[in-house]
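Structure below is query.pdb: PDB, C-alpha atoms and all ligand atoms.
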```pdb
ATOM      1  CA  MET A   1      31.598  12.895   8.697
ATOM      2  CA  ARG A   2      32.188   9.463   7.195
ATOM      3  CA  GLU A   3      30.528   6.338   8.576
ATOM      4  CA  ASP A   4      31.619   2.755   8.022
ATOM      5  CA  VAL A   5      29.336   0.136   6.572
ATOM      6  CA  PRO A   6      28.483  -2.951   8.680
ATOM      7  CA  ALA A   7      25.431  -2.623  10.898
ATOM      8  CA  GLY A   8      22.954  -5.297   9.857
ATOM      9  CA  PRO A   9      19.660  -6.344  11.369
ATOM     10  CA  ALA A  10      20.329  -4.516  14.621
ATOM     11  CA  ALA A  11      19.887  -1.340  12.590
ATOM     12  CA  TRP A  12      16.149  -1.220  13.366
ATOM     13  CA  HIS A  13      16.733   1.783  15.593
ATOM     14  CA  GLU A  14      18.056   3.761  12.621
ATOM     15  CA  ASP A  15      15.760   5.985  10.619
ATOM     16  CA  LEU A  16      15.016   4.869   7.074
ATOM     17  CA  HIS A  17      17.053   7.690   5.533
ATOM     18  CA  SER A  18      20.183   6.709   7.385
ATOM     19  CA  LEU A  19      19.611   3.029   6.545
ATOM     20  CA  ALA A  20      19.216   3.887   2.870
ATOM     21  CA  ARG A  21      22.558   5.698   2.931
ATOM     22  CA  ARG A  22      24.132   2.608   4.470
ATOM     23  CA  VAL A  23      22.584   0.528   1.702
ATOM     24  CA  GLY A  24      24.117   2.951  -0.810
ATOM     25  CA  ARG A  25      27.543   2.563   0.792
ATOM     26  CA  ARG A  26      27.231  -1.210   0.638
ATOM     27  CA  VAL A  27      26.464  -0.944  -3.064
ATOM     28  CA  ILE A  28      29.553   1.200  -3.599
ATOM     29  CA  GLY A  29      31.573  -1.326  -1.582
ATOM     30  CA  PHE A  30      30.366  -4.183  -3.800
ATOM     31  CA  SER A  31      31.481  -2.254  -6.880
ATOM     32  CA  ARG A  32      35.078  -2.253  -5.685
ATOM     33  CA  HIS A  33      35.246  -5.913  -6.633
ATOM     34  CA  GLN A  34      33.500  -5.925  -9.993
ATOM     35  CA  PRO A  35      31.501  -3.624 -12.272
ATOM     36  CA  ILE A  36      27.852  -3.533 -11.254
ATOM     37  CA  HIS A  37      24.757  -1.548 -12.232
ATOM     38  CA  LEU A  38      25.578   1.323  -9.907
ATOM     39  CA  GLY A  39      23.220   3.998 -11.213
ATOM     40  CA  ALA A  40      20.243   1.647 -11.170
ATOM     41  CA  ALA A  41      21.074   0.351  -7.685
ATOM     42  CA  LEU A  42      21.457   3.794  -6.105
ATOM     43  CA  SER A  43      18.236   4.908  -7.771
ATOM     44  CA  ALA A  44      16.359   2.156  -5.933
ATOM     45  CA  ALA A  45      18.170   2.175  -2.562
ATOM     46  CA  HIS A  46      15.559   4.240  -0.702
ATOM     47  CA  ILE A  47      12.634   2.326  -2.226
ATOM     48  CA  LEU A  48      14.141  -1.031  -1.243
ATOM     49  CA  THR A  49      14.908   0.236   2.254
ATOM     50  CA  ALA A  50      11.302   1.417   2.629
ATOM     51  CA  LEU A  51      10.057  -1.972   1.431
ATOM     52  CA  TYR A  52      12.174  -4.162   3.691
ATOM     53  CA  PHE A  53      12.148  -1.948   6.799
ATOM     54  CA  GLY A  54       8.784  -0.239   6.416
ATOM     55  CA  PHE A  55       6.359  -2.537   4.643
ATOM     56  CA  LEU A  56       7.094  -6.140   3.679
ATOM     57  CA  ARG A  57       6.112  -8.825   6.176
ATOM     58  CA  VAL A  58       9.016 -11.241   5.853
ATOM     59  CA  ARG A  59      10.923 -13.524   8.214
ATOM     60  CA  PRO A  60      14.694 -13.661   7.642
ATOM     61  CA  GLU A  61      14.882 -16.720   9.894
ATOM     62  CA  GLU A  62      12.199 -18.467   7.805
ATOM     63  CA  PRO A  63      12.580 -17.148   4.231
ATOM     64  CA  GLU A  64      10.018 -19.579   2.804
ATOM     65  CA  TRP A  65       7.300 -18.713   5.331
ATOM     66  CA  PRO A  66       4.111 -19.167   3.261
ATOM     67  CA  GLY A  67       2.491 -16.002   4.619
ATOM     68  CA  ARG A  68       5.364 -13.753   3.565
ATOM     69  CA  ASP A  69       4.738 -10.789   1.333
ATOM     70  CA  ARG A  70       6.251 -11.364  -2.087
ATOM     71  CA  PHE A  71       8.706  -8.991  -3.691
ATOM     72  CA  VAL A  72       9.804  -9.121  -7.329
ATOM     73  CA  LEU A  73      12.748  -6.986  -8.419
ATOM     74  CA  SER A  74      11.675  -6.751 -12.021
ATOM     75  CA  LYS A  75      14.520  -4.313 -12.752
ATOM     76  CA  GLY A  76      16.812  -7.172 -11.823
ATOM     77  CA  HIS A  77      19.977  -5.353 -12.838
ATOM     78  CA  ALA A  78      19.694  -3.458  -9.517
ATOM     79  CA  ALA A  79      20.473  -6.764  -7.778
ATOM     80  CA  TYR A  80      23.248  -5.359  -5.614
ATOM     81  CA  ALA A  81      20.914  -2.857  -3.994
ATOM     82  CA  LEU A  82      18.607  -5.758  -3.148
ATOM     83  CA  TYR A  83      21.530  -7.777  -1.751
ATOM     84  CA  ALA A  84      22.603  -4.766   0.315
ATOM     85  CA  VAL A  85      19.129  -4.512   1.856
ATOM     86  CA  LEU A  86      19.007  -8.272   2.415
ATOM     87  CA  CYS A  87      22.272  -7.909   4.397
ATOM     88  CA  GLU A  88      20.733  -5.193   6.537
ATOM     89  CA  ARG A  89      17.522  -7.153   7.036
ATOM     90  CA  GLY A  90      19.267 -10.338   8.141
ATOM     91  CA  PHE A  91      18.863 -12.591   5.104
ATOM     92  CA  LEU A  92      22.492 -12.325   4.017
ATOM     93  CA  PRO A  93      25.625 -12.034   6.186
ATOM     94  CA  VAL A  94      26.142  -8.574   7.591
ATOM     95  CA  ASP A  95      29.858  -8.690   6.824
ATOM     96  CA  LEU A  96      29.317  -9.599   3.177
ATOM     97  CA  SER A  97      31.630  -7.286   1.317
ATOM     98  CA  SER A  98      32.689  -9.152  -1.802
ATOM     99  CA  PRO A  99      29.651 -10.127  -3.853
ATOM    100  CA  ALA A 100      31.590 -12.584  -6.042
ATOM    101  CA  ALA A 101      29.442 -15.525  -4.943
ATOM    102  CA  LEU A 102      26.173 -13.760  -5.738
ATOM    103  CA  PRO A 103      24.637 -13.688  -9.215
ATOM    104  CA  GLY A 104      24.769 -10.397 -11.121
ATOM    105  CA  HIS A 105      20.982 -10.520 -11.419
ATOM    106  CA  PRO A 106      18.789 -11.883  -8.618
ATOM    107  CA  GLY A 107      18.767 -15.654  -8.486
ATOM    108  CA  ASP A 108      16.161 -17.559  -6.483
ATOM    109  CA  GLU A 109      18.999 -19.553  -4.922
ATOM    110  CA  VAL A 110      19.839 -16.419  -2.912
ATOM    111  CA  ARG A 111      18.278 -16.425   0.562
ATOM    112  CA  GLY A 112      15.307 -14.052   0.566
ATOM    113  CA  VAL A 113      14.908 -13.916  -3.234
ATOM    114  CA  ASP A 114      11.683 -15.502  -4.552
ATOM    115  CA  VAL A 115      12.084 -14.901  -8.263
ATOM    116  CA  ALA A 116      15.024 -14.876 -10.662
ATOM    117  CA  THR A 117      14.872 -11.707 -12.771
ATOM    118  CA  GLY A 118      17.067  -9.742 -15.134
ATOM    119  CA  ALA A 119      15.367 -10.055 -18.498
ATOM    120  CA  LEU A 120      13.252  -6.921 -18.261
ATOM    121  CA  GLY A 121       9.502  -6.996 -18.751
ATOM    122  CA  HIS A 122       8.607 -10.177 -16.886
ATOM    123  CA  GLY A 123       8.267  -9.161 -13.246
ATOM    124  CA  LEU A 124       4.812  -7.651 -13.415
ATOM    125  CA  SER A 125       3.334 -10.756 -15.038
ATOM    126  CA  ILE A 126       4.947 -12.910 -12.354
ATOM    127  CA  GLY A 127       3.576 -10.561  -9.702
ATOM    128  CA  CYS A 128       0.086 -10.892 -11.223
ATOM    129  CA  GLY A 129       0.321 -14.659 -10.928
ATOM    130  CA  MET A 130       1.438 -14.438  -7.308
ATOM    131  CA  ALA A 131      -1.304 -11.959  -6.410
ATOM    132  CA  LEU A 132      -3.924 -14.118  -8.101
ATOM    133  CA  ALA A 133      -2.612 -17.265  -6.387
ATOM    134  CA  CYS A 134      -3.299 -15.615  -3.043
ATOM    135  CA  ARG A 135      -7.013 -16.163  -3.735
ATOM    136  CA  PHE A 136      -6.486 -19.892  -3.562
ATOM    137  CA  THR A 137      -4.578 -19.986  -0.275
ATOM    138  CA  THR A 138      -5.408 -19.114   3.300
ATOM    139  CA  SER A 139      -2.506 -16.633   3.461
ATOM    140  CA  ARG A 140      -3.254 -12.978   2.862
ATOM    141  CA  PHE A 141       0.028 -11.774   1.454
ATOM    142  CA  ARG A 142       0.756  -8.663  -0.570
ATOM    143  CA  VAL A 143       2.854  -8.604  -3.746
ATOM    144  CA  VAL A 144       5.154  -5.733  -4.698
ATOM    145  CA  VAL A 145       6.931  -5.464  -8.061
ATOM    146  CA  LEU A 146       9.669  -2.885  -8.648
ATOM    147  CA  LEU A 147       9.893  -1.764 -12.283
ATOM    148  CA  GLY A 148      12.281   0.546 -14.118
ATOM    149  CA  ASP A 149      10.795   3.383 -16.151
ATOM    150  CA  GLY A 150      12.718   2.306 -19.257
ATOM    151  CA  GLU A 151      11.522  -1.222 -18.596
ATOM    152  CA  LEU A 152       8.010   0.050 -19.275
ATOM    153  CA  ASN A 153       9.013   0.143 -22.951
ATOM    154  CA  GLU A 154       8.412  -3.620 -22.880
ATOM    155  CA  GLY A 155       4.860  -4.288 -24.081
ATOM    156  CA  SER A 156       4.472  -7.258 -21.740
ATOM    157  CA  ASN A 157       4.077  -4.798 -18.835
ATOM    158  CA  TRP A 158       0.939  -3.406 -20.392
ATOM    159  CA  GLU A 159      -0.573  -6.836 -20.927
ATOM    160  CA  ALA A 160       0.055  -7.528 -17.255
ATOM    161  CA  ALA A 161      -1.419  -4.147 -16.323
ATOM    162  CA  MET A 162      -4.620  -4.986 -18.195
ATOM    163  CA  PHE A 163      -4.767  -8.434 -16.609
ATOM    164  CA  ALA A 164      -4.307  -7.126 -13.050
ATOM    165  CA  ALA A 165      -7.076  -4.562 -13.468
ATOM    166  CA  HIS A 166      -9.364  -7.107 -15.081
ATOM    167  CA  GLN A 167      -8.796  -9.480 -12.166
ATOM    168  CA  ARG A 168      -9.085  -6.625  -9.642
ATOM    169  CA  LEU A 169      -5.987  -7.645  -7.690
ATOM    170  CA  PRO A 170      -6.089  -5.462  -4.555
ATOM    171  CA  ASN A 171      -2.967  -7.090  -3.106
ATOM    172  CA  LEU A 172      -0.744  -6.124  -6.062
ATOM    173  CA  ILE A 173       1.388  -2.974  -5.921
ATOM    174  CA  ALA A 174       3.781  -1.930  -8.666
ATOM    175  CA  VAL A 175       6.440   0.643  -7.888
ATOM    176  CA  VAL A 176       8.021   2.450 -10.826
ATOM    177  CA  ASP A 177      11.557   3.724 -10.241
ATOM    178  CA  ARG A 178      10.969   6.788 -12.358
ATOM    179  CA  ASN A 179      14.465   8.159 -12.843
ATOM    180  CA  ARG A 180      13.712   9.100 -16.471
ATOM    181  CA  VAL A 181      16.944   7.497 -17.666
ATOM    182  CA  GLN A 182      17.578   4.039 -19.050
ATOM    183  CA  GLN A 183      20.725   2.279 -20.268
ATOM    184  CA  GLU A 184      21.684   4.577 -23.103
ATOM    185  CA  GLY A 185      19.955   7.851 -22.419
ATOM    186  CA  ALA A 186      16.771   9.632 -21.437
ATOM    187  CA  THR A 187      13.621   7.514 -21.499
ATOM    188  CA  ALA A 188      11.785  10.447 -23.116
ATOM    189  CA  SER A 189      14.139  10.370 -26.099
ATOM    190  CA  ILE A 190      14.325   6.578 -26.548
ATOM    191  CA  LEU A 191      10.643   5.637 -26.240
ATOM    192  CA  ASP A 192       8.612   8.088 -24.216
ATOM    193  CA  THR A 193       6.139   6.595 -21.724
ATOM    194  CA  GLU A 194       4.482   9.867 -20.711
ATOM    195  CA  PRO A 195       1.896  10.718 -19.553
ATOM    196  CA  LEU A 196       2.667   7.856 -17.222
ATOM    197  CA  ALA A 197       0.138   8.425 -14.432
ATOM    198  CA  ALA A 198      -2.676   8.889 -16.958
ATOM    199  CA  LYS A 199      -1.644   5.679 -18.737
ATOM    200  CA  TRP A 200      -1.749   3.560 -15.584
ATOM    201  CA  ALA A 201      -5.057   5.166 -14.592
ATOM    202  CA  ALA A 202      -6.476   4.409 -18.046
ATOM    203  CA  PHE A 203      -5.432   0.788 -17.554
ATOM    204  CA  GLY A 204      -7.545   0.728 -14.369
ATOM    205  CA  TRP A 205      -4.858   1.176 -11.724
ATOM    206  CA  GLN A 206      -4.941   3.350  -8.628
ATOM    207  CA  THR A 207      -1.942   5.695  -8.999
ATOM    208  CA  VAL A 208       0.091   7.512  -6.358
ATOM    209  CA  ALA A 209       3.159   9.733  -6.863
ATOM    210  CA  VAL A 210       5.948   9.984  -4.275
ATOM    211  CA  ASP A 211       9.493  11.204  -3.837
ATOM    212  CA  GLY A 212      11.343   7.920  -4.315
ATOM    213  CA  HIS A 213      14.233   9.126  -2.170
ATOM    214  CA  ASP A 214      12.022   9.742   0.829
ATOM    215  CA  PRO A 215      11.601   6.261   2.308
ATOM    216  CA  ASP A 216       8.989   7.483   4.780
ATOM    217  CA  GLN A 217       6.824   8.681   1.884
ATOM    218  CA  VAL A 218       7.363   5.437  -0.001
ATOM    219  CA  SER A 219       6.474   3.330   3.005
ATOM    220  CA  SER A 220       3.336   5.290   3.829
ATOM    221  CA  ALA A 221       2.196   5.124   0.176
ATOM    222  CA  LEU A 222       2.673   1.339   0.236
ATOM    223  CA  HIS A 223       0.545   1.049   3.368
ATOM    224  CA  ARG A 224      -2.152   3.314   1.942
ATOM    225  CA  CYS A 225      -2.328   1.307  -1.279
ATOM    226  CA  ALA A 226      -2.477  -2.007   0.572
ATOM    227  CA  ALA A 227      -5.155  -0.775   2.966
ATOM    228  CA  SER A 228      -7.352   0.821   0.312
ATOM    229  CA  GLY A 229      -8.593  -2.480  -1.106
ATOM    230  CA  ARG A 230      -8.927  -0.668  -4.440
ATOM    231  CA  GLY A 231      -5.907  -2.120  -6.181
ATOM    232  CA  PRO A 232      -4.085  -2.904  -8.278
ATOM    233  CA  SER A 233      -2.030   0.137  -7.347
ATOM    234  CA  VAL A 234       1.040   1.744  -8.823
ATOM    235  CA  ILE A 235       3.405   4.050  -6.983
ATOM    236  CA  LEU A 236       5.281   6.359  -9.335
ATOM    237  CA  ALA A 237       8.460   7.040  -7.394
ATOM    238  CA  GLU A 238      10.371  10.073  -8.654
ATOM    239  CA  THR A 239      14.051   9.174  -8.448
ATOM    240  CA  VAL A 240      17.478  10.176  -9.680
ATOM    241  CA  LYS A 241      19.702   7.602 -11.311
ATOM    242  CA  GLY A 242      22.927   7.330  -9.281
ATOM    243  CA  LYS A 243      21.310   9.202  -6.361
ATOM    244  CA  GLY A 244      23.653  10.456  -3.673
ATOM    245  CA  VAL A 245      26.899  10.377  -5.650
ATOM    246  CA  SER A 246      27.335  13.706  -7.437
ATOM    247  CA  PHE A 247      29.452  12.438 -10.316
ATOM    248  CA  MET A 248      26.976   9.634 -11.076
ATOM    249  CA  GLU A 249      23.638  11.419 -10.791
ATOM    250  CA  ASN A 250      21.595  11.443 -14.013
ATOM    251  CA  ASP A 251      24.562  10.236 -16.063
ATOM    252  CA  PRO A 252      23.724   7.138 -18.160
ATOM    253  CA  ALA A 253      27.461   6.424 -18.323
ATOM    254  CA  TRP A 254      27.142   5.221 -14.696
ATOM    255  CA  HIS A 255      24.337   2.787 -15.551
ATOM    256  CA  MET A 256      27.036   0.200 -14.962
ATOM    257  CA  GLY A 257      30.431   0.829 -13.460
ATOM    258  CA  GLN A 258      33.013   0.315 -10.810
ATOM    259  CA  VAL A 259      34.527   2.746  -8.328
ATOM    260  CA  ARG A 260      37.918   2.373  -6.762
ATOM    261  CA  GLY A 261      40.594   4.581  -5.242
ATOM    262  CA  GLU A 262      39.774   8.249  -4.978
ATOM    263  CA  LEU A 263      36.347   7.882  -6.603
ATOM    264  CA  PHE A 264      35.452   5.203  -4.071
ATOM    265  CA  GLU A 265      36.414   7.506  -1.204
ATOM    266  CA  ARG A 266      34.374  10.345  -2.673
ATOM    267  CA  ALA A 267      31.309   8.190  -3.234
ATOM    268  CA  VAL A 268      31.386   6.780   0.292
ATOM    269  CA  ASP A 269      31.892  10.234   1.785
ATOM    270  CA  GLU A 270      28.948  11.658  -0.131
ATOM    271  CA  LEU A 271      26.734   8.729   0.858
ATOM    272  CA  SER A 272      27.623   9.340   4.496
ATOM    273  CA  GLN A 273      26.165  12.846   4.505
ATOM    274  CA  PRO A 274      22.535  13.373   5.446
ATOM    275  CA  PRO A 275      20.861  15.260   2.562
ATOM    276  CA  GLY A 276      21.493  18.992   2.620
ATOM    277  CA  THR A 277      24.570  18.794   4.840
ATOM    278  CA  ALA A 278      27.273  18.220   2.204
ATOM    279  CA  GLU A 279      30.193  20.635   2.610
TER     280      GLU A 279
HETATM  281  C1  LIG B   1      14.624  -7.808 -22.122
HETATM  282  C2  LIG B   1      15.830  -7.000 -21.812
HETATM  283  N1  LIG B   1      16.296  -6.123 -22.737
HETATM  284  C3  LIG B   1      17.415  -5.398 -22.473
HETATM  285  C4  LIG B   1      18.084  -5.561 -21.283
HETATM  286  C5  LIG B   1      19.343  -4.778 -21.032
HETATM  287  N2  LIG B   1      19.140  -3.717 -20.042
HETATM  288  C6  LIG B   1      19.525  -3.857 -18.749
HETATM  289  S1  LIG B   1      19.170  -2.530 -17.827
HETATM  290  C7  LIG B   1      18.468  -1.727 -19.133
HETATM  291  C8  LIG B   1      17.894  -0.348 -18.965
HETATM  292  C9  LIG B   1      16.769  -0.336 -17.998
HETATM  293  O1  LIG B   1      16.339   0.981 -17.770
HETATM  294  P1  LIG B   1      15.307   1.277 -16.638
HETATM  295  O2  LIG B   1      14.213   0.302 -16.679
HETATM  296  O3  LIG B   1      14.921   2.702 -16.759
HETATM  297  O4  LIG B   1      16.116   0.974 -15.307
HETATM  298  P2  LIG B   1      17.101   1.920 -14.473
HETATM  299  O5  LIG B   1      18.459   1.321 -14.664
HETATM  300  O6  LIG B   1      17.024   3.312 -14.984
HETATM  301  O7  LIG B   1      16.617   1.840 -13.093
HETATM  302  C10 LIG B   1      18.535  -2.501 -20.281
HETATM  303  C11 LIG B   1      18.024  -2.091 -21.599
HETATM  304  C12 LIG B   1      17.550  -6.489 -20.357
HETATM  305  N3  LIG B   1      18.121  -6.681 -19.148
HETATM  306  N4  LIG B   1      16.431  -7.178 -20.636
HETATM  307 MG    MG B   2      15.252   4.313 -15.550
END
```
Show this structure as structure tokens.
Amino acid sequence: MREDVPAGPAAWHEDLHSLARRVGRRVIGFSRHQPIHLGAALSAAHILTALYFGFLRVRPEEPEWPGRDRFVLSKGHAAYALYAVLCERGFLPVDLSSPAALPGHPGDEVRGVDVATGALGHGLSIGCGMALACRFTTSRFRVVVLLGDGELNEGSNWEAAMFAAHQRLPNLIAVVDRNRVQQEGATASILDTEPLAAKWAAFGWQTVAVDGHDPDQVSSALHRCAASGRGPSVILAETVKGKGVSFMENDPAWHMGQVRGELFERAVDELSQPPGTAE
């Protein structure tokens, strides 16, 4: 059965899985108008849904609320997945279909976006600064940074990782979208980051592994990390690039792309099926 897209903030009654599929369909809808980073966006759809509907304390009616949790989309090329979630959460118009007015990477002029990103390797350092700044305010906010696994090839991440552990930042959580693929191929063949969990642990981080396409797991891991007081924490989220669209999954060729016509129909149909029910 195929569902249509608009639902928006009233979608609180929906389970996170169904919301994530709606987010995926929004992403596909955006790509009708222009090429976007489809594979990267679909990889992160469940994680972003878990964040905005299961963890982050934010106020769409007051985006600059000082007590808000901060979110940094360090893998900024997945911007359209973030915009899709911001539509669902009430920051952006629910009937937004053409993304022409929105920047291809998150811009802080967009309602609900705190940090402009897109040049990989900067988000974790920014997140460290935000988490540290919390010490000097009366607000007790949490900071979440979403990183790509290929992005971890940037050495700046590891400087930030050392800094966060040195400063013992319990309110900082990194989530790695571990789809094992980057722009031009497998992360293992370009510059391997394994053993990833052992590396983060050696840098002094609490590490947790989850299925990144199970938003309930992602959300409960976020809450556990935040409550533990033992941060900084990293959630290694196992994902599939292009998740939910069979002809895109694990194919670096769909890192960026556009779907129209028959491919559009197929993608939307597949993203309307609850997992395991595809005919
Ligand atoms: C500093 C920098 N170098 C290169 C790029 C170009 N670029 C955009 S996405 C990407 C691959 C990122 O792979 P990964 O972090 O695994 O993200 P995924 O798309 O798999 O989620 C690259 C190299 C960039 N945006 N910034
Ligand atoms: Mg990747």
Interface rows for chain A against ligand MG 2 (chain B): nearest pair, Å to one decimal, 9 Å, all atoms listed in the file, as a Markdown table:
```
| residue | atom | partner | partner_atom | distance |
| --- | --- | --- | --- | --- |
| A:Ala40 | CA | B:MG2 | MG | 7.2 |
| A:Ser43 | CA | B:MG2 | MG | 8.4 |
| A:Leu147 | CA | B:MG2 | MG | 8.7 |
| A:Gly148 | CA | B:MG2 | MG | 5.0 |
| A:Asp149 | CA | B:MG2 | MG | 4.6 |
| A:Gly150 | CA | B:MG2 | MG | 4.9 |
| A:Glu151 | CA | B:MG2 | MG | 7.3 |
| A:Val176 | CA | B:MG2 | MG | 8.8 |
| A:Asp177 | CA | B:MG2 | MG | 6.5 |
| A:Arg178 | CA | B:MG2 | MG | 5.9 |
| A:Asn179 | CA | B:MG2 | MG | 4.8 |
| A:Arg180 | CA | B:MG2 | MG | 5.1 |
| A:Val181 | CA | B:MG2 | MG | 4.2 |
| A:Gln182 | CA | B:MG2 | MG | 4.2 |
| A:Gln183 | CA | B:MG2 | MG | 7.5 |
| A:Ala186 | CA | B:MG2 | MG | 8.1 |
| A:Thr187 | CA | B:MG2 | MG | 6.9 |
| A:Thr239 | CA | B:MG2 | MG | 8.7 |
| A:Val240 | CA | B:MG2 | MG | 8.6 |
| A:Lys241 | CA | B:MG2 | MG | 7.0 |
```
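Nearest residue to ligand LIG 1 (chain B), choosing from A:Ser246, A:Gln167, A:Asn153, A:Ser219 and counting only C-alpha atoms and all ligand atoms: A:Asn153.
Distances from A:Leu16, A:Leu124, A:Ala41, A:Leu236 to Met162 (chain A) were compared using only C-alpha atoms, and the smallest one belongs to A:Leu124.
With distances restricted to all atoms listed in the file, A:His37 is the closest residue to ligand LIG 1 (chain B) from A:Lys243, A:His37, A:His223, A:Lys199.
Going from CA of Thr49 (chain A) over to CA of Pro106 (chain A), you cover 16.7 Å.
The coordinates place CA of Ala44 (chain A) at 18.6 Å from CA of Ser233 (chain A).
Of the listed residues A:Val245, A:Ala201, A:Ala20, A:Met256, the one whose atoms come nearest to ligand LIG 1 (chain B) is A:Met256, with distances taken using all atoms listed in the file.
A straight line drawn from CA of Ala160 (chain A) to CA of Gly129 (chain A) is 9.5 Å long.
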Where does the PyMOL selection byres (((chain A and resi 117) around 8) and not hetatm) land in this file, that is, which residues does it pick, as a tab-separated table (two decimals) with C-alpha atoms, in the coordinates of the input?
```tsv
chain	number	residue	atom	x	y	z
A	72	VAL	CA	9.80	-9.12	-7.33
A	73	LEU	CA	12.75	-6.99	-8.42
A	74	SER	CA	11.68	-6.75	-12.02
A	75	LYS	CA	14.52	-4.31	-12.75
A	76	GLY	CA	16.81	-7.17	-11.82
A	105	HIS	CA	20.98	-10.52	-11.42
A	106	PRO	CA	18.79	-11.88	-8.62
A	107	GLY	CA	18.77	-15.65	-8.49
A	115	VAL	CA	12.08	-14.90	-8.26
A	116	ALA	CA	15.02	-14.88	-10.66
A	118	GLY	CA	17.07	-9.74	-15.13
A	119	ALA	CA	15.37	-10.06	-18.50
A	120	LEU	CA	13.25	-6.92	-18.26
A	122	HIS	CA	8.61	-10.18	-16.89
A	123	GLY	CA	8.27	-9.16	-13.25
```
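Remark: for ligand LIG 1 (chain B), the closest of the candidate residues A:Glu61, A:Asp216, A:Glu184, A:Asp95 is A:Glu184 (distances computed over only C-alpha atoms and all ligand atoms).
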* Got a sec to resolve the PyMOL selection byres (((chain A and resi 268) around 12) and not hetatm) on this structure and send the residues as a ChimeraX atom specification? -> /A:1-5,21-32,244-246,259-267,269-273
Suppose we keep C-alpha atoms; can you now write the selection as an mmCIF file, keeping the file's coordinate frame?
```cif
data_model
loop_
_atom_site.group_PDB
_atom_site.id
_atom_site.type_symbol
_atom_site.label_atom_id
_atom_site.label_comp_id
_atom_site.auth_asym_id
_atom_site.auth_seq_id
_atom_site.Cartn_x
_atom_site.Cartn_y
_atom_site.Cartn_z
ATOM 1 C CA MET A 1 31.598 12.895 8.697
ATOM 2 C CA ARG A 2 32.188 9.463 7.195
ATOM 3 C CA GLU A 3 30.528 6.338 8.576
ATOM 4 C CA ASP A 4 31.619 2.755 8.022
ATOM 5 C CA VAL A 5 29.336 0.136 6.572
ATOM 6 C CA ARG A 21 22.558 5.698 2.931
ATOM 7 C CA ARG A 22 24.132 2.608 4.470
ATOM 8 C CA VAL A 23 22.584 0.528 1.702
ATOM 9 C CA GLY A 24 24.117 2.951 -0.810
ATOM 10 C CA ARG A 25 27.543 2.563 0.792
ATOM 11 C CA ARG A 26 27.231 -1.210 0.638
ATOM 12 C CA VAL A 27 26.464 -0.944 -3.064
ATOM 13 C CA ILE A 28 29.553 1.200 -3.599
ATOM 14 C CA GLY A 29 31.573 -1.326 -1.582
ATOM 15 C CA PHE A 30 30.366 -4.183 -3.800
ATOM 16 C CA SER A 31 31.481 -2.254 -6.880
ATOM 17 C CA ARG A 32 35.078 -2.253 -5.685
ATOM 18 C CA GLY A 244 23.653 10.456 -3.673
ATOM 19 C CA VAL A 245 26.899 10.377 -5.650
ATOM 20 C CA SER A 246 27.335 13.706 -7.437
ATOM 21 C CA VAL A 259 34.527 2.746 -8.328
ATOM 22 C CA ARG A 260 37.918 2.373 -6.762
ATOM 23 C CA GLY A 261 40.594 4.581 -5.242
ATOM 24 C CA GLU A 262 39.774 8.249 -4.978
ATOM 25 C CA LEU A 263 36.347 7.882 -6.603
ATOM 26 C CA PHE A 264 35.452 5.203 -4.071
ATOM 27 C CA GLU A 265 36.414 7.506 -1.204
ATOM 28 C CA ARG A 266 34.374 10.345 -2.673
ATOM 29 C CA ALA A 267 31.309 8.190 -3.234
ATOM 30 C CA ASP A 269 31.892 10.234 1.785
ATOM 31 C CA GLU A 270 28.948 11.658 -0.131
ATOM 32 C CA LEU A 271 26.734 8.729 0.858
ATOM 33 C CA SER A 272 27.623 9.340 4.496
ATOM 34 C CA GLN A 273 26.165 12.846 4.505
#
```
Take every atom of region 198-212 of chain A listed in the file, pad by 5 Å on each side, and give me the axis-aligned box centre and edge lengths in Å, one decimal, as JSON.
```
{"center_x": 1.9, "center_y": 6.0, "center_z": -11.3, "size_x": 28.9, "size_y": 20.5, "size_z": 24.9}
```
Ground truth for the PyMOL selection byres (((chain A and resi 125) around 10) and not hetatm), written as a short mmCIF file (atom, residue, chain, number, x, y, z; two decimals) with C-alpha atoms, in the frame of the given file:
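The resulting file, selection_38.cif, is shown below:
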```cif
data_model
loop_
_atom_site.label_atom_id
_atom_site.label_comp_id
_atom_site.auth_asym_id
_atom_site.auth_seq_id
_atom_site.Cartn_x
_atom_site.Cartn_y
_atom_site.Cartn_z
CA SER A 74 11.68 -6.75 -12.02
CA GLY A 121 9.50 -7.00 -18.75
CA HIS A 122 8.61 -10.18 -16.89
CA GLY A 123 8.27 -9.16 -13.25
CA LEU A 124 4.81 -7.65 -13.42
CA ILE A 126 4.95 -12.91 -12.35
CA GLY A 127 3.58 -10.56 -9.70
CA CYS A 128 0.09 -10.89 -11.22
CA GLY A 129 0.32 -14.66 -10.93
CA MET A 130 1.44 -14.44 -7.31
CA ALA A 131 -1.30 -11.96 -6.41
CA VAL A 145 6.93 -5.46 -8.06
CA SER A 156 4.47 -7.26 -21.74
CA ASN A 157 4.08 -4.80 -18.84
CA TRP A 158 0.94 -3.41 -20.39
CA GLU A 159 -0.57 -6.84 -20.93
CA ALA A 160 0.06 -7.53 -17.26
CA ALA A 161 -1.42 -4.15 -16.32
CA PHE A 163 -4.77 -8.43 -16.61
CA ALA A 164 -4.31 -7.13 -13.05
#
```
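Of the residues listed (A:Ala165, A:Ala79, A:Ala50, A:Val234), A:Ala79 shows the shortest atom-to-atom separation from Ile36 (chain A); distances use only C-alpha atoms.
Every polymer residue reaching to within 9 Å of (-3.4, 5.1, -7.8), counting only C-alpha atoms, appears in this list: A:Ala197, A:Trp200, A:Ala201, A:Gly204, A:Trp205, A:Gln206, A:Thr207, A:Val208, A:Ala209, A:Cys225, A:Arg230, A:Gly231, A:Pro232, A:Ser233, A:Val234, A:Ile235, A:Leu236.
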